[in-house]
Each structure stands twice: as structure tokens, then as C-alpha cells.
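S.K.: Input file: my_file.pdb. Contents: PDB, C-alpha atoms.
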ATOM      1  CA  MET A   1      19.113  -6.827 -29.414  1.00  0.00           C
ATOM      2  CA  LYS A   2      17.995  -5.245 -26.150  1.00  0.00           C
ATOM      3  CA  LYS A   3      15.146  -2.793 -26.550  1.00  0.00           C
ATOM      4  CA  ILE A   4      16.080   0.769 -25.607  1.00  0.00           C
ATOM      5  CA  ILE A   5      13.448   2.686 -23.652  1.00  0.00           C
ATOM      6  CA  THR A   6      13.174   6.389 -22.976  1.00  0.00           C
ATOM      7  CA  LYS A   7      13.499   7.941 -19.541  1.00  0.00           C
ATOM      8  CA  LYS A   8       9.758   8.666 -19.606  1.00  0.00           C
ATOM      9  CA  GLN A   9       9.020   4.986 -20.263  1.00  0.00           C
ATOM     10  CA  TYR A  10      11.499   3.955 -17.570  1.00  0.00           C
ATOM     11  CA  LEU A  11       9.838   6.175 -14.980  1.00  0.00           C
ATOM     12  CA  LYS A  12       6.347   4.990 -15.940  1.00  0.00           C
ATOM     13  CA  LEU A  13       7.485   1.398 -15.546  1.00  0.00           C
ATOM     14  CA  ASN A  14       8.761   2.217 -12.057  1.00  0.00           C
ATOM     15  CA  ILE A  15       5.443   3.815 -11.089  1.00  0.00           C
ATOM     16  CA  ASP A  16       3.467   0.854 -12.409  1.00  0.00           C
ATOM     17  CA  GLU A  17       5.577  -1.607 -10.438  1.00  0.00           C
ATOM     18  CA  ALA A  18       5.452   0.545  -7.288  1.00  0.00           C
ATOM     19  CA  ASN A  19       1.644   0.505  -7.519  1.00  0.00           C
ATOM     20  CA  LYS A  20       1.743  -3.299  -7.685  1.00  0.00           C
ATOM     21  CA  MET A  21       4.224  -3.523  -4.818  1.00  0.00           C
ATOM     22  CA  ASP A  22       1.956  -1.344  -2.682  1.00  0.00           C
ATOM     23  CA  LYS A  23      -0.740  -4.033  -2.975  1.00  0.00           C
ATOM     24  CA  ASP A  24       1.590  -6.863  -1.970  1.00  0.00           C
ATOM     25  CA  ILE A  25       0.455  -7.455   1.618  1.00  0.00           C
ATOM     26  CA  LYS A  26       2.880 -10.327   2.235  1.00  0.00           C
ATOM     27  CA  LEU A  27       5.850  -8.232   1.144  1.00  0.00           C
ATOM     28  CA  LYS A  28       4.750  -5.374   3.409  1.00  0.00           C
ATOM     29  CA  LYS A  29       4.579  -7.753   6.363  1.00  0.00           C
ATOM     30  CA  ILE A  30       8.080  -9.015   5.568  1.00  0.00           C
ATOM     31  CA  SER A  31       9.405  -5.442   5.443  1.00  0.00           C
ATOM     32  CA  LYS A  32       7.833  -4.604   8.815  1.00  0.00           C
ATOM     33  CA  ASP A  33       9.181  -7.798  10.402  1.00  0.00           C
ATOM     34  CA  LEU A  34      12.627  -6.991   9.001  1.00  0.00           C
ATOM     35  CA  PHE A  35      12.461  -3.482  10.457  1.00  0.00           C
ATOM     36  CA  VAL A  36      11.523  -4.767  13.925  1.00  0.00           C
ATOM     37  CA  LYS A  37      14.134  -7.545  13.992  1.00  0.00           C
ATOM     38  CA  ALA A  38      16.981  -5.445  12.570  1.00  0.00           C
ATOM     39  CA  ASP A  39      16.256  -2.619  15.006  1.00  0.00           C
ATOM     40  CA  LYS A  40      17.511  -4.832  17.822  1.00  0.00           C
ATOM     41  CA  TYR A  41      20.975  -4.593  16.228  1.00  0.00           C
ATOM     42  CA  ARG A  42      20.951  -0.779  15.891  1.00  0.00           C
ATOM     43  CA  TRP A  43      20.369  -1.032  12.138  1.00  0.00           C
ATOM     44  CA  LEU A  44      18.964   2.466  12.159  1.00  0.00           C
ATOM     45  CA  TYR A  45      22.180   3.886  13.615  1.00  0.00           C
ATOM     46  CA  GLN A  46      24.677   2.348  11.198  1.00  0.00           C
ATOM     47  CA  PHE A  47      24.938   5.127   8.585  1.00  0.00           C
ATOM     48  CA  SER A  48      26.622   8.527   8.449  1.00  0.00           C
ATOM     49  CA  TRP A  49      27.163  11.565   6.207  1.00  0.00           C
ATOM     50  CA  LEU A  50      30.485  13.422   6.146  1.00  0.00           C
ATOM     51  CA  GLY A  51      31.518  11.449   9.212  1.00  0.00           C
ATOM     52  CA  GLU A  52      28.494  12.337  11.359  1.00  0.00           C
ATOM     53  CA  PRO A  53      25.835   9.708  12.203  1.00  0.00           C
ATOM     54  CA  ILE A  54      22.437   9.860  10.518  1.00  0.00           C
ATOM     55  CA  ILE A  55      19.653   8.300  12.585  1.00  0.00           C
ATOM     56  CA  ASN A  56      17.585   7.421   9.544  1.00  0.00           C
ATOM     57  CA  LEU A  57      17.267   4.731   6.910  1.00  0.00           C
ATOM     58  CA  THR A  58      19.083   5.205   3.625  1.00  0.00           C
ATOM     59  CA  THR A  59      15.778   4.731   1.786  1.00  0.00           C
ATOM     60  CA  ASP A  60      14.288   7.688   3.640  1.00  0.00           C
ATOM     61  CA  MET A  61      17.351   9.840   2.976  1.00  0.00           C
ATOM     62  CA  PHE A  62      17.063   9.125  -0.742  1.00  0.00           C
ATOM     63  CA  ALA A  63      13.341   9.958  -0.679  1.00  0.00           C
ATOM     64  CA  ILE A  64      14.136  13.249   1.060  1.00  0.00           C
ATOM     65  CA  GLN A  65      16.870  13.940  -1.498  1.00  0.00           C
ATOM     66  CA  GLU A  66      14.296  13.522  -4.286  1.00  0.00           C
ATOM     67  CA  ILE A  67      11.941  15.960  -2.562  1.00  0.00           C
ATOM     68  CA  ILE A  68      14.715  18.522  -2.104  1.00  0.00           C
ATOM     69  CA  PHE A  69      15.856  18.322  -5.722  1.00  0.00           C
ATOM     70  CA  ARG A  70      12.306  18.484  -7.082  1.00  0.00           C
ATOM     71  CA  THR A  71      10.937  21.277  -4.878  1.00  0.00           C
ATOM     72  CA  LYS A  72      14.200  23.244  -4.400  1.00  0.00           C
ATOM     73  CA  PRO A  73      13.251  24.817  -1.052  1.00  0.00           C
ATOM     74  CA  LYS A  74      14.893  28.090  -0.094  1.00  0.00           C
ATOM     75  CA  ASN A  75      15.357  26.786   3.425  1.00  0.00           C
ATOM     76  CA  ILE A  76      15.350  23.455   5.227  1.00  0.00           C
ATOM     77  CA  ILE A  77      14.379  23.540   8.895  1.00  0.00           C
ATOM     78  CA  GLU A  78      15.277  20.420  10.857  1.00  0.00           C
ATOM     79  CA  ILE A  79      13.718  20.143  14.303  1.00  0.00           C
ATOM     80  CA  GLY A  80      15.877  17.650  16.167  1.00  0.00           C
ATOM     81  CA  VAL A  81      19.545  17.677  15.160  1.00  0.00           C
ATOM     82  CA  ALA A  82      20.782  14.617  17.108  1.00  0.00           C
ATOM     83  CA  TRP A  83      24.296  13.779  15.793  1.00  0.00           C
ATOM     84  CA  GLY A  84      24.141  16.261  12.913  1.00  0.00           C
ATOM     85  CA  GLY A  85      24.557  13.878   9.956  1.00  0.00           C
ATOM     86  CA  SER A  86      21.193  14.624   8.390  1.00  0.00           C
ATOM     87  CA  LEU A  87      21.758  18.372   8.842  1.00  0.00           C
ATOM     88  CA  LEU A  88      25.023  18.074   6.887  1.00  0.00           C
ATOM     89  CA  PHE A  89      23.242  15.966   4.264  1.00  0.00           C
ATOM     90  CA  TYR A  90      20.636  18.698   3.670  1.00  0.00           C
ATOM     91  CA  ALA A  91      23.282  21.419   3.678  1.00  0.00           C
ATOM     92  CA  SER A  92      25.331  19.550   1.059  1.00  0.00           C
ATOM     93  CA  LEU A  93      22.319  19.220  -1.228  1.00  0.00           C
ATOM     94  CA  LEU A  94      21.222  22.846  -0.877  1.00  0.00           C
ATOM     95  CA  LYS A  95      24.782  23.989  -1.499  1.00  0.00           C
ATOM     96  CA  TYR A  96      24.569  22.245  -4.880  1.00  0.00           C
ATOM     97  CA  ILE A  97      20.998  23.305  -5.695  1.00  0.00           C
ATOM     98  CA  ASN A  98      20.606  26.929  -4.617  1.00  0.00           C
ATOM     99  CA  ASN A  99      22.832  27.641  -1.614  1.00  0.00           C
ATOM    100  CA  GLY A 100      19.748  27.990   0.587  1.00  0.00           C
ATOM    101  CA  LYS A 101      19.861  28.021   4.377  1.00  0.00           C
ATOM    102  CA  VAL A 102      19.688  24.970   6.592  1.00  0.00           C
ATOM    103  CA  ILE A 103      18.500  25.578  10.147  1.00  0.00           C
ATOM    104  CA  GLY A 104      19.004  22.999  12.864  1.00  0.00           C
ATOM    105  CA  VAL A 105      16.993  23.309  16.071  1.00  0.00           C
ATOM    106  CA  ASP A 106      17.531  21.218  19.186  1.00  0.00           C
ATOM    107  CA  ILE A 107      17.021  21.647  22.912  1.00  0.00           C
ATOM    108  CA  PHE A 108      20.256  19.714  23.526  1.00  0.00           C
ATOM    109  CA  MET A 109      23.287  20.569  21.432  1.00  0.00           C
ATOM    110  CA  PRO A 110      26.680  19.589  22.928  1.00  0.00           C
ATOM    111  CA  LYS A 111      29.654  21.905  22.394  1.00  0.00           C
ATOM    112  CA  ASN A 112      31.659  19.241  20.572  1.00  0.00           C
ATOM    113  CA  LEU A 113      28.779  18.667  18.142  1.00  0.00           C
ATOM    114  CA  LYS A 114      28.546  22.405  17.423  1.00  0.00           C
ATOM    115  CA  LYS A 115      32.298  22.463  16.877  1.00  0.00           C
ATOM    116  CA  ARG A 116      32.199  19.609  14.346  1.00  0.00           C
ATOM    117  CA  ILE A 117      29.261  21.090  12.446  1.00  0.00           C
ATOM    118  CA  ASN A 118      30.899  24.516  12.380  1.00  0.00           C
ATOM    119  CA  LEU A 119      34.059  22.974  10.909  1.00  0.00           C
ATOM    120  CA  HIS A 120      31.983  21.631   8.006  1.00  0.00           C
ATOM    121  CA  ASN A 121      30.193  24.958   7.763  1.00  0.00           C
ATOM    122  CA  LYS A 122      33.456  26.701   6.888  1.00  0.00           C
ATOM    123  CA  LYS A 123      33.049  25.074   3.483  1.00  0.00           C
ATOM    124  CA  LEU A 124      29.259  24.791   3.259  1.00  0.00           C
ATOM    125  CA  LYS A 125      28.490  28.267   4.670  1.00  0.00           C
ATOM    126  CA  ASN A 126      24.746  27.635   4.896  1.00  0.00           C
ATOM    127  CA  ILE A 127      24.137  26.032   8.314  1.00  0.00           C
ATOM    128  CA  ASN A 128      22.492  27.879  11.196  1.00  0.00           C
ATOM    129  CA  LEU A 129      22.111  26.303  14.647  1.00  0.00           C
ATOM    130  CA  ILE A 130      19.483  27.263  17.206  1.00  0.00           C
ATOM    131  CA  ASN A 131      19.840  25.766  20.670  1.00  0.00           C
ATOM    132  CA  GLY A 132      16.296  25.901  22.029  1.00  0.00           C
ATOM    133  CA  ASP A 133      12.847  24.371  22.420  1.00  0.00           C
ATOM    134  CA  SER A 134      11.074  24.028  19.067  1.00  0.00           C
ATOM    135  CA  LEU A 135       7.781  25.183  20.617  1.00  0.00           C
ATOM    136  CA  ASN A 136       9.221  28.238  22.350  1.00  0.00           C
ATOM    137  CA  ILE A 137       8.024  31.452  20.693  1.00  0.00           C
ATOM    138  CA  ASN A 138      11.544  32.924  20.791  1.00  0.00           C
ATOM    139  CA  THR A 139      12.889  29.925  18.873  1.00  0.00           C
ATOM    140  CA  TYR A 140      10.136  30.348  16.302  1.00  0.00           C
ATOM    141  CA  LYS A 141      10.907  34.063  15.937  1.00  0.00           C
ATOM    142  CA  LYS A 142      14.614  33.310  15.391  1.00  0.00           C
ATOM    143  CA  ILE A 143      13.700  30.879  12.612  1.00  0.00           C
ATOM    144  CA  LYS A 144      11.381  33.376  10.920  1.00  0.00           C
ATOM    145  CA  LYS A 145      14.110  35.998  11.021  1.00  0.00           C
ATOM    146  CA  LEU A 146      16.676  33.644   9.493  1.00  0.00           C
ATOM    147  CA  ILE A 147      14.353  32.659   6.633  1.00  0.00           C
ATOM    148  CA  ASN A 148      13.241  36.264   6.094  1.00  0.00           C
ATOM    149  CA  ASN A 149       9.588  35.161   6.437  1.00  0.00           C
ATOM    150  CA  SER A 150       9.902  32.887   3.390  1.00  0.00           C
ATOM    151  CA  LYS A 151       7.397  30.056   3.112  1.00  0.00           C
ATOM    152  CA  LYS A 152       9.265  28.060   0.475  1.00  0.00           C
ATOM    153  CA  ASN A 153      10.601  25.721   3.123  1.00  0.00           C
ATOM    154  CA  LEU A 154      11.041  22.032   3.828  1.00  0.00           C
ATOM    155  CA  ILE A 155      10.279  21.190   7.461  1.00  0.00           C
ATOM    156  CA  VAL A 156      11.657  18.028   9.071  1.00  0.00           C
ATOM    157  CA  LEU A 157      10.067  17.216  12.445  1.00  0.00           C
ATOM    158  CA  ASP A 158      12.309  14.780  14.287  1.00  0.00           C
ATOM    159  CA  SER A 159      12.474  15.769  17.940  1.00  0.00           C
ATOM    160  CA  TYR A 160      10.239  14.668  20.841  1.00  0.00           C
ATOM    161  CA  HIS A 161       7.860  12.050  19.449  1.00  0.00           C
ATOM    162  CA  THR A 162       4.802  12.219  21.718  1.00  0.00           C
ATOM    163  CA  HIS A 163       1.399  12.891  20.153  1.00  0.00           C
ATOM    164  CA  GLU A 164       0.957  16.216  21.951  1.00  0.00           C
ATOM    165  CA  HIS A 165       4.397  17.580  21.085  1.00  0.00           C
ATOM    166  CA  VAL A 166       4.332  16.581  17.414  1.00  0.00           C
ATOM    167  CA  LEU A 167       0.807  17.935  16.948  1.00  0.00           C
ATOM    168  CA  LYS A 168       1.894  21.306  18.351  1.00  0.00           C
ATOM    169  CA  GLU A 169       4.915  21.324  16.031  1.00  0.00           C
ATOM    170  CA  LEU A 170       2.741  20.484  13.024  1.00  0.00           C
ATOM    171  CA  ASN A 171       0.304  23.275  13.837  1.00  0.00           C
ATOM    172  CA  LEU A 172       3.108  25.791  14.385  1.00  0.00           C
ATOM    173  CA  TYR A 173       5.514  24.997  11.554  1.00  0.00           C
ATOM    174  CA  SER A 174       2.889  24.285   8.886  1.00  0.00           C
ATOM    175  CA  SER A 175       2.460  28.069   8.700  1.00  0.00           C
ATOM    176  CA  LEU A 176       5.980  28.219   7.188  1.00  0.00           C
ATOM    177  CA  VAL A 177       5.139  25.952   4.252  1.00  0.00           C
ATOM    178  CA  SER A 178       3.713  27.170   0.935  1.00  0.00           C
ATOM    179  CA  LYS A 179       2.038  25.297  -1.911  1.00  0.00           C
ATOM    180  CA  GLY A 180       4.027  22.322  -3.185  1.00  0.00           C
ATOM    181  CA  ASN A 181       6.432  22.254  -0.263  1.00  0.00           C
ATOM    182  CA  TYR A 182       6.759  19.467   2.288  1.00  0.00           C
ATOM    183  CA  ILE A 183       6.689  18.611   5.959  1.00  0.00           C
ATOM    184  CA  ILE A 184       8.323  15.328   6.917  1.00  0.00           C
ATOM    185  CA  CYS A 185       6.791  13.951  10.094  1.00  0.00           C
ATOM    186  CA  CYS A 186       9.462  11.513  11.245  1.00  0.00           C
ATOM    187  CA  ASP A 187       9.155   8.142  13.002  1.00  0.00           C
ATOM    188  CA  THR A 188       5.502   7.466  12.243  1.00  0.00           C
ATOM    189  CA  ILE A 189       6.626   3.806  12.205  1.00  0.00           C
ATOM    190  CA  VAL A 190       6.215   3.858  16.010  1.00  0.00           C
ATOM    191  CA  ASN A 191       2.459   3.586  15.464  1.00  0.00           C
ATOM    192  CA  ARG A 192       2.832   0.390  13.410  1.00  0.00           C
ATOM    193  CA  ILE A 193       5.233  -1.760  15.407  1.00  0.00           C
ATOM    194  CA  PRO A 194       5.055  -3.334  18.881  1.00  0.00           C
ATOM    195  CA  ASN A 195       6.584  -1.556  21.847  1.00  0.00           C
ATOM    196  CA  GLN A 196      10.333  -2.120  21.672  1.00  0.00           C
ATOM    197  CA  SER A 197      11.571  -3.486  24.997  1.00  0.00           C
ATOM    198  CA  HIS A 198      15.114  -2.284  24.237  1.00  0.00           C
ATOM    199  CA  ARG A 199      13.847   1.268  23.758  1.00  0.00           C
ATOM    200  CA  LYS A 200      12.360   2.983  26.801  1.00  0.00           C
ATOM    201  CA  ARG A 201      10.480   6.009  25.468  1.00  0.00           C
ATOM    202  CA  GLU A 202       7.519   8.187  26.464  1.00  0.00           C
ATOM    203  CA  TRP A 203       5.920   7.434  23.091  1.00  0.00           C
ATOM    204  CA  GLY A 204       4.540   4.230  21.603  1.00  0.00           C
ATOM    205  CA  PRO A 205       1.348   2.871  19.999  1.00  0.00           C
ATOM    206  CA  LYS A 206      -1.527   5.401  20.323  1.00  0.00           C
ATOM    207  CA  ASN A 207       0.897   8.162  21.394  1.00  0.00           C
ATOM    208  CA  ASN A 208       3.295   8.960  18.569  1.00  0.00           C
ATOM    209  CA  PRO A 209       3.961  11.089  15.466  1.00  0.00           C
ATOM    210  CA  GLU A 210       1.461   9.253  13.259  1.00  0.00           C
ATOM    211  CA  THR A 211      -1.426   9.673  15.694  1.00  0.00           C
ATOM    212  CA  ALA A 212      -0.543  13.386  15.799  1.00  0.00           C
ATOM    213  CA  LEU A 213      -0.338  13.543  12.002  1.00  0.00           C
ATOM    214  CA  ILE A 214      -3.740  11.879  11.591  1.00  0.00           C
ATOM    215  CA  GLU A 215      -5.321  14.469  13.890  1.00  0.00           C
ATOM    216  CA  PHE A 216      -3.490  17.310  12.136  1.00  0.00           C
ATOM    217  CA  LEU A 217      -4.673  16.215   8.673  1.00  0.00           C
ATOM    218  CA  LYS A 218      -8.277  15.904   9.875  1.00  0.00           C
ATOM    219  CA  ASN A 219      -8.240  19.541  10.899  1.00  0.00           C
ATOM    220  CA  ASN A 220      -5.970  20.930   8.198  1.00  0.00           C
ATOM    221  CA  LYS A 221      -7.155  20.205   4.665  1.00  0.00           C
ATOM    222  CA  ARG A 222      -4.331  22.252   3.138  1.00  0.00           C
ATOM    223  CA  PHE A 223      -1.962  19.291   3.473  1.00  0.00           C
ATOM    224  CA  LYS A 224      -1.998  15.876   1.847  1.00  0.00           C
ATOM    225  CA  ILE A 225       0.039  12.678   2.212  1.00  0.00           C
ATOM    226  CA  ASP A 226       2.327  11.974  -0.750  1.00  0.00           C
ATOM    227  CA  LYS A 227       1.209   8.420  -1.473  1.00  0.00           C
ATOM    228  CA  SER A 228       3.723   8.004  -4.313  1.00  0.00           C
ATOM    229  CA  ILE A 229       6.546   7.896  -1.755  1.00  0.00           C
ATOM    230  CA  ASN A 230       4.753   5.312   0.390  1.00  0.00           C
ATOM    231  CA  LYS A 231       4.202   3.067  -2.598  1.00  0.00           C
ATOM    232  CA  LYS A 232       7.857   2.793  -3.579  1.00  0.00           C
ATOM    233  CA  ILE A 233       9.872   3.157  -0.384  1.00  0.00           C
ATOM    234  CA  LEU A 234       8.934  -0.193   1.274  1.00  0.00           C
ATOM    235  CA  LEU A 235      11.421   0.193   4.172  1.00  0.00           C
ATOM    236  CA  THR A 236      10.851   3.483   5.974  1.00  0.00           C
ATOM    237  CA  ASN A 237      10.826   5.168   9.367  1.00  0.00           C
ATOM    238  CA  HIS A 238       8.153   7.559   8.162  1.00  0.00           C
ATOM    239  CA  PRO A 239       5.183   5.704   6.590  1.00  0.00           C
ATOM    240  CA  ASN A 240       2.575   8.305   5.533  1.00  0.00           C
ATOM    241  CA  GLY A 241       4.884  10.909   7.081  1.00  0.00           C
ATOM    242  CA  TYR A 242       5.664  12.735   3.830  1.00  0.00           C
ATOM    243  CA  ILE A 243       3.031  15.461   3.447  1.00  0.00           C
ATOM    244  CA  PHE A 244       2.842  18.492   1.159  1.00  0.00           C
ATOM    245  CA  ALA A 245       0.833  21.691   0.973  1.00  0.00           C
ATOM    246  CA  LYS A 246      -1.882  21.605  -1.718  1.00  0.00           C
ATOM    247  CA  ASN A 247      -2.380  25.362  -1.630  1.00  0.00           C
TER     248      ASN A 247
END
Reformat the file's structure so that it appears as C-alpha cells.
M.R.:
Amino acid sequence: MKKIITKKQYLKLNIDEANKMDKDIKLKKISKDLFVKADKYRWLYQFSWLGEPIINLTTDMFAIQEIIFRTKPKNIIEIGVAWGGSLLFYASLLKYINNGKVIGVDIFMPKNLKKRINLHNKKLKNINLINGDSLNINTYKKIKKLINNSKKNLIVLDSYHTHEHVLKELNLYSSLVSKGNYIICCDTIVNRIPNQSHRKREWGPKNNPETALIEFLKNNKRFKIDKSINKKILLTNHPNGYIFAKN
């Protein structure tokens, strides 16, 4: 007869195995090689939510879902809306959890994208769009007004990925995060893979979100990397990019 285990035992078993997996150097190399090779076939762009593309791996979206359910932020602020799929994903989750606000900020937001998101928002009723530069003080003031100065927020930084830009975003938006809440610094993987010839970008090794995050964490001891996510996720766009406020 199969032995029945409790949920507590099940979760402990998962943690134990994730700790072992984190030490498997060969497996980590395989996962990185897979990421690099699959990226040539637009692997990252293959998924969607409510019909809108999500430029993210499903493993990362599930990790973010776990953070949202566990921390139950009052607001989720996404810097970099792109095609809007991830914004709809967050809005769907918050609608279920606490009907909190989701704020999408982007310097480029086409009319047809706004129209599609607003159609979904007729049912969700919790999405707010801000068309503007994330580092502009007026954009920041609009966000603070929408969240009513709350600091129980999840911040997702996924816009312009140069070291300088991301560091400025981290310094600015970290002030909107209270103890136990998270910032997700997206696309730190750029620091760990070779320059992609099929992607012409201003960022790359030594100039990317992870280099910015490393500098930010050196100067801001209030935040810490959530290593438990790194240990279990294996395939991710955001290695070491999940950070939370300790106080």
C-alpha cells in the first residue's frame, strides 16, 4: 500500500530536493544551454494569457503567482507592459485575492493595445495604465496617487534593461515596498549568457539588470535575494532577480 504523506511532509521533500538540485552543476549548465538554444526559436514569446502575449517563461509566471498569493500585495506595479499578457495575468490573480490595483507603465503603449486591455478591464475593473517614462517624476507621482501612498506593493521591473536605467528604477521604486514585499528585477539572465546575435540591444554582459541589481544590493541592505526561488526554478529569465524587503 502506498504511504500517504501530509502536505507538510510533501513540501519539505520538495525543499530538500530543490536544495540538491541547486548543487547540480551539470544540470544547471544544461538548463542554460537549453535557454540559449531555444531562444533562437522565440521560445520566450510562445505563451499568452487571456489572448495577449506574455514575454516570460511559464516557470517565472508560476513563481510570481506564488509570490502574489503568499504576500497578497495591495497593488502590483509593472514597469514595461509590452503586449499586456503579464498585466492581465496579475490583474486576474488580484481580482481573485483582494481586488487590488494593477498599474502598467510604459513609454510606448499603442492605441490598439490600450483598447484590448480596456476590454478585459470591463470585467476585471482593476487595471490602470500610465503612458510615460518610468523615471519621470510625474509618472512616479501618478503611481503614488493611484496606490494612495501604500507600500504593500509588488514591483515588476521589465522595461529598458541597461545597468544605469535599472539601477535608477531600483532606487526609485524600492521606496514603495514594505517589509515582506517583493521587487522582481527581470531579465537578469542577460548577465549569464553570451551576446545573442539575433538580438540587437543596448544591454548585454556587464551592462544589464543583474549588474544593476548587484550594485543596488551592495548599497541597500534592506533587500535580500529570495534564494528559495532560485533553487527550484531551474529555467528562468530572472536568476537572483527575486528580491524582498527584510524590514
S.K.: Run the PyMOL selection byres ((chain A and resi 71) around 10) against the file shown and list the residues it catches, as a ChimeraX atom specification.
M.R.: /A:66-70,72-74,152-154,180-182
S.K.: Near region 162-164 of chain A, counting all atoms listed in the file, which residues have an atom at most 12 Å away, once you skip same-chain residues fewer than 5 positions from it, shown as a count of residues only?
M.R.: 27
S.K.: With all atoms listed in the file as the counted atoms, please give the residues lying no more than 10 Å from Ser134 (chain A), apart from itself and same-chain residues fewer than 3 positions off, as a PDB file with C-alpha atoms, in the frame of the given file.
M.R.:
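around.pdb written:
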ATOM      1  CA  GLU A  78      15.277  20.420  10.857  1.00  0.00           C
ATOM      2  CA  ILE A  79      13.718  20.143  14.303  1.00  0.00           C
ATOM      3  CA  GLY A  80      15.877  17.650  16.167  1.00  0.00           C
ATOM      4  CA  VAL A 105      16.993  23.309  16.071  1.00  0.00           C
ATOM      5  CA  ASP A 106      17.531  21.218  19.186  1.00  0.00           C
ATOM      6  CA  ILE A 107      17.021  21.647  22.912  1.00  0.00           C
ATOM      7  CA  ILE A 130      19.483  27.263  17.206  1.00  0.00           C
ATOM      8  CA  ASN A 131      19.840  25.766  20.670  1.00  0.00           C
ATOM      9  CA  ILE A 137       8.024  31.452  20.693  1.00  0.00           C
ATOM     10  CA  ASN A 138      11.544  32.924  20.791  1.00  0.00           C
ATOM     11  CA  THR A 139      12.889  29.925  18.873  1.00  0.00           C
ATOM     12  CA  TYR A 140      10.136  30.348  16.302  1.00  0.00           C
ATOM     13  CA  ILE A 143      13.700  30.879  12.612  1.00  0.00           C
ATOM     14  CA  LEU A 157      10.067  17.216  12.445  1.00  0.00           C
ATOM     15  CA  SER A 159      12.474  15.769  17.940  1.00  0.00           C
ATOM     16  CA  TYR A 160      10.239  14.668  20.841  1.00  0.00           C
ATOM     17  CA  HIS A 165       4.397  17.580  21.085  1.00  0.00           C
ATOM     18  CA  LYS A 168       1.894  21.306  18.351  1.00  0.00           C
ATOM     19  CA  GLU A 169       4.915  21.324  16.031  1.00  0.00           C
ATOM     20  CA  LEU A 172       3.108  25.791  14.385  1.00  0.00           C
ATOM     21  CA  TYR A 173       5.514  24.997  11.554  1.00  0.00           C
TER      22      TYR A 173
END
S.K.: Expressed in Å to a single decimal, how great is the separation between CA of Met21 (chain A) and CA of Lys221 (chain A)?
M.R.: 28.0 Å
S.K.: Residues at most 12 Å from region 111-114 of chain A, counting all atoms listed in the file, excluding those fewer than 5 positions away in the same chain, as a list in words?
M.R.: Gly51, Glu52, Pro53, Val81, Ala82, Trp83, Gly84, Gly85, Leu87, Leu88, Gly104, Val105, Asp106, Leu119, His120, Asn121, Ile127, Asn128, Leu129, Ile130 and Asn131 of chain A
S.K.: Once the PyMOL selection byres ((chain A and resi 45) around 8) is applied to the coordinates I shared, what remains selected? I want it as a ChimeraX atom specification.
M.R.: /A:42-44,46-47,53-56
S.K.: Could you write out as a list in words the residues that the PyMOL selection byres ((chain A and resi 62) around 12) matches in the shown file?
M.R.: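 This file, filtered by the PyMOL selection byres ((chain A and resi 62) around 12), leaves Asn56, Leu57, Thr58, Thr59, Asp60, Met61, Ala63, Ile64, Gln65, Glu66, Ile67, Ile68, Phe69, Ser86, Phe89, Tyr90, Leu93, Ile229, Lys232, Ile233, Leu235 and Thr236 of chain A.
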S.K.: Tell me which of A:Ala38, A:Ile155, A:Ala91, A:Leu11 sits closest to Ser174 (chain A), counting only C-alpha atoms.
M.R.: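 Closest to Ser174 (chain A), using only C-alpha atoms: A:Ile155.
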S.K.: Which distance in Å separates CA of Ser150 (chain A) and CA of Val102 (chain A), to one decimal?
M.R.: 13.0 Å
S.K.: May I ask for the distance between CA of Asp22 (chain A) and CA of Pro194 (chain A), given in Å to one decimal place?
M.R.: 21.9 Å
S.K.: Let me know the centre plus edge lengths, in Å and rounded to one decimal, of a box with edges along x, y and z that contains all listed atoms of region 153-162 of chain A and is padded by 3 Å on every side, as lines of an AutoDock Vina configuration file.
M.R.:
center_x = 8.6
center_y = 18.9
center_z = 12.4
size_x = 13.7
size_y = 19.7
size_z = 24.6
S.K.: With a distance cut-off of 10 Å and all atoms listed in the file, select the neighbouring residues of Lys123 (chain A), excluding the residue or stretch itself and same-chain residues fewer than 4 positions from it, and output the selection as a ChimeraX atom specification.
M.R.: /A:92,95,118-119
S.K.: Within 7 Å of Arg222 (chain A), counting all atoms listed in the file, which residues qualify if same-chain residues fewer than 2 places away don't, as a VMD selection string?
M.R.: chain A and resid 220 224 245 to 247
S.K.: Restricting the calculation to all atoms listed in the file, which member of A:Leu50, A:Leu146, A:Ile193, A:Asp158 is positioned closest to Lys37 (chain A)?
M.R.: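 Residue with the minimum atom-to-atom distance to Lys37 (chain A): A:Ile193.
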S.K.: Calculated over all atoms listed in the file, which of the candidates A:Lys3, A:Arg192, A:Lys141, A:Ile147 has the smallest distance to Asp33 (chain A)?
M.R.: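 Under the stated criterion, the closest residue is A:Arg192.
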